[in-house]
Amino acid sequence: MAPMQSPKRWTAATINFLTQDEMRRLLDAIGSKRDYAIFLLAYRHGLRASEIGMLSTADLDLKQYRVRIHRLKNSLEGLHPLQPDEVKFLKAYLKERASNAPALFLSRNTTPISRRRLDELMKHYGQRADIPESKRHFHALKHSIATHLLDAGADLRFVQDWIGHASIRNTVIYAQLTSRRRDEEARKVFASQYVV
């Protein structure tokens, strides 16, 4: 029997995230309504590939602009607000969808889309968008939103809650990647006291 592997621990050195320009290029490279909705939701809500497959049509409330997020790996679930562009792309996808299956994002055989297929799509669209190969993995979307939120000045606790981290220690890693936050904190420290 093979030994159990411990869960992957991300560090600032091992996290690959897309820049905002790369994220725009990635979304621009997607022609399919389904795939665009998948990638937009995965990025905006920090969803793993398996969590995309867990979404059902019952999780959507397009009138109230809400989606129920289910998380894995002891992450925190919750109700997230949807932005108008997310609702627009979800409605466009659902309008062309020819199935009453409960899963939101379906494969060709009307089963929930698989992690493997999402990884293939990330590699395909990543190549089309000229994204570096090291960033062409689906989990890079979760890394990207965490980093982009912190770069935009979001509070660390908000980012922790938004991407579903049970422990703030997992979120702190992203703060090490954000030059803006580091620059601001350094300015505060050095402005408040004289440091030799």
# chains A, B, ... in the order shown; residues from 1 in each chain; ligands from 1

$ closest_atom_pairs --of "range 8-126 of chain A" --to "range 132-141 of chain A" --cutoff "10 Å" --atoms "only C-alpha atoms" --output "JSON lines"
{"residue": "A:Ile15", "atom": "CA", "partner": "A:Ala140", "partner_atom": "CA", "distance": 7.8}
{"residue": "A:Asn16", "atom": "CA", "partner": "A:Lys135", "partner_atom": "CA", "distance": 5.6}
{"residue": "A:Phe17", "atom": "CA", "partner": "A:Ala140", "partner_atom": "CA", "distance": 5.0}
{"residue": "A:Leu18", "atom": "CA", "partner": "A:Lys135", "partner_atom": "CA", "distance": 6.7}
{"residue": "A:Glu22", "atom": "CA", "partner": "A:Pro132", "partner_atom": "CA", "distance": 9.2}
{"residue": "A:Met23", "atom": "CA", "partner": "A:Leu141", "partner_atom": "CA", "distance": 8.4}
{"residue": "A:Phe39", "atom": "CA", "partner": "A:Leu141", "partner_atom": "CA", "distance": 8.0}
{"residue": "A:Leu40", "atom": "CA", "partner": "A:Leu141", "partner_atom": "CA", "distance": 9.2}
{"residue": "A:Leu41", "atom": "CA", "partner": "A:Leu141", "partner_atom": "CA", "distance": 9.6}
{"residue": "A:Ala42", "atom": "CA", "partner": "A:Leu141", "partner_atom": "CA", "distance": 6.5}
{"residue": "A:Tyr43", "atom": "CA", "partner": "A:Leu141", "partner_atom": "CA", "distance": 4.8}
{"residue": "A:Arg44", "atom": "CA", "partner": "A:Leu141", "partner_atom": "CA", "distance": 8.3}
{"residue": "A:His45", "atom": "CA", "partner": "A:Leu141", "partner_atom": "CA", "distance": 9.1}
{"residue": "A:Gly46", "atom": "CA", "partner": "A:Leu141", "partner_atom": "CA", "distance": 6.6}
{"residue": "A:Leu47", "atom": "CA", "partner": "A:Leu141", "partner_atom": "CA", "distance": 7.7}
{"residue": "A:Arg48", "atom": "CA", "partner": "A:His139", "partner_atom": "CA", "distance": 5.9}
{"residue": "A:Ala49", "atom": "CA", "partner": "A:Phe138", "partner_atom": "CA", "distance": 6.4}
{"residue": "A:Arg115", "atom": "CA", "partner": "A:Phe138", "partner_atom": "CA", "distance": 8.6}
{"residue": "A:Arg116", "atom": "CA", "partner": "A:Phe138", "partner_atom": "CA", "distance": 9.7}
{"residue": "A:Leu118", "atom": "CA", "partner": "A:Phe138", "partner_atom": "CA", "distance": 6.8}
{"residue": "A:Asp119", "atom": "CA", "partner": "A:Phe138", "partner_atom": "CA", "distance": 5.6}
{"residue": "A:Glu120", "atom": "CA", "partner": "A:His137", "partner_atom": "CA", "distance": 8.6}
{"residue": "A:Leu121", "atom": "CA", "partner": "A:Phe138", "partner_atom": "CA", "distance": 8.6}
{"residue": "A:Met122", "atom": "CA", "partner": "A:Arg136", "partner_atom": "CA", "distance": 5.7}
{"residue": "A:Lys123", "atom": "CA", "partner": "A:Arg136", "partner_atom": "CA", "distance": 5.1}
{"residue": "A:His124", "atom": "CA", "partner": "A:Arg136", "partner_atom": "CA", "distance": 8.4}
{"residue": "A:Tyr125", "atom": "CA", "partner": "A:Arg136", "partner_atom": "CA", "distance": 8.5}
{"residue": "A:Gly126", "atom": "CA", "partner": "A:Arg136", "partner_atom": "CA", "distance": 5.6}

$ atom_distance --atom1 "CA of Asn100 in chain A" --atom2 "CA of Lys63 in chain A"
19.3 Å

$ select_by_dssp --residues "range 13-91 of chain A" --states "alpha helix (DSSP H)" --output "ChimeraX atom specification"
/A:20-28,33-45,49-54,84-91

$ atom_distance --atom1 "CA of Ala154 in chain A" --atom2 "CA of Ala29 in chain A"
27.9 Å

$ residues_around --residues "range 76-79 of chain A" --least-positions-apart "5" --cutoff "7 Å" --atoms "only C-alpha atoms" --output "ChimeraX atom specification"
/A:66-71,164-166

$ write_last_selection --atoms "N, CA, C and O atoms" --output "compact mmCIF listing (two decimals), in the first residue's frame"
# COMPACT_ATOMS: atom_id res chain seq x y z
N ARG A 66 -26.86 36.00 -6.47
CA ARG A 66 -26.15 35.23 -5.45
C ARG A 66 -25.82 33.83 -5.97
O ARG A 66 -26.53 33.29 -6.80
N VAL A 67 -24.76 33.27 -5.40
CA VAL A 67 -24.39 31.89 -5.68
C VAL A 67 -23.92 31.25 -4.38
O VAL A 67 -23.20 31.86 -3.60
N ARG A 68 -24.41 30.03 -4.13
CA ARG A 68 -23.95 29.29 -2.96
C ARG A 68 -22.68 28.55 -3.35
O ARG A 68 -22.66 27.79 -4.32
N ILE A 69 -21.62 28.81 -2.60
CA ILE A 69 -20.31 28.22 -2.87
C ILE A 69 -20.10 27.04 -1.93
O ILE A 69 -20.23 27.17 -0.72
N HIS A 70 -19.77 25.89 -2.52
CA HIS A 70 -19.42 24.69 -1.76
C HIS A 70 -17.91 24.52 -1.87
O HIS A 70 -17.34 24.63 -2.95
N ARG A 71 -17.26 24.27 -0.76
CA ARG A 71 -15.80 24.17 -0.74
C ARG A 71 -15.36 22.77 -0.29
O ARG A 71 -16.09 22.07 0.40
N GLY A 164 -12.39 31.29 1.16
CA GLY A 164 -12.80 30.13 1.96
C GLY A 164 -11.74 29.52 2.85
O GLY A 164 -11.90 28.39 3.30
N HIS A 165 -10.67 30.24 3.12
CA HIS A 165 -9.64 29.67 4.00
C HIS A 165 -10.13 29.59 5.44
O HIS A 165 -10.60 30.58 5.99
N ALA A 166 -10.00 28.43 6.05
CA ALA A 166 -10.38 28.27 7.45
C ALA A 166 -9.35 28.95 8.36
O ALA A 166 -9.68 29.43 9.43

$ residues_around --residues "Ala92 in chain A" --least-positions-apart "3" --cutoff "12 Å" --atoms "only C-alpha atoms" --output "JSON, numbers by chain"
{"A": [32, 33, 34, 35, 36, 37, 62, 85, 86, 87, 88, 89, 95, 96, 97]}

$ select_by_dssp --residues "range 48-137 of chain A" --states "strand (DSSP E)" --output "VMD selection string"
chain A and resid 60 to 61 66 to 69 78 to 81

$ closest_residue --among "A:Gln160, A:Ser144, A:Ser75, A:Ser114" --to "Ile38 in chain A" --atoms "only C-alpha atoms"
A:Ser114

$ closest_residue --among "A:Asp155, A:Ala146, A:Leu106, A:Gln64" --to "Asn170 in chain A" --atoms "only C-alpha atoms"
A:Ala146

$ atom_distance --atom1 "CA of Ala175 in chain A" --atom2 "CA of His80 in chain A"
22.4 Å
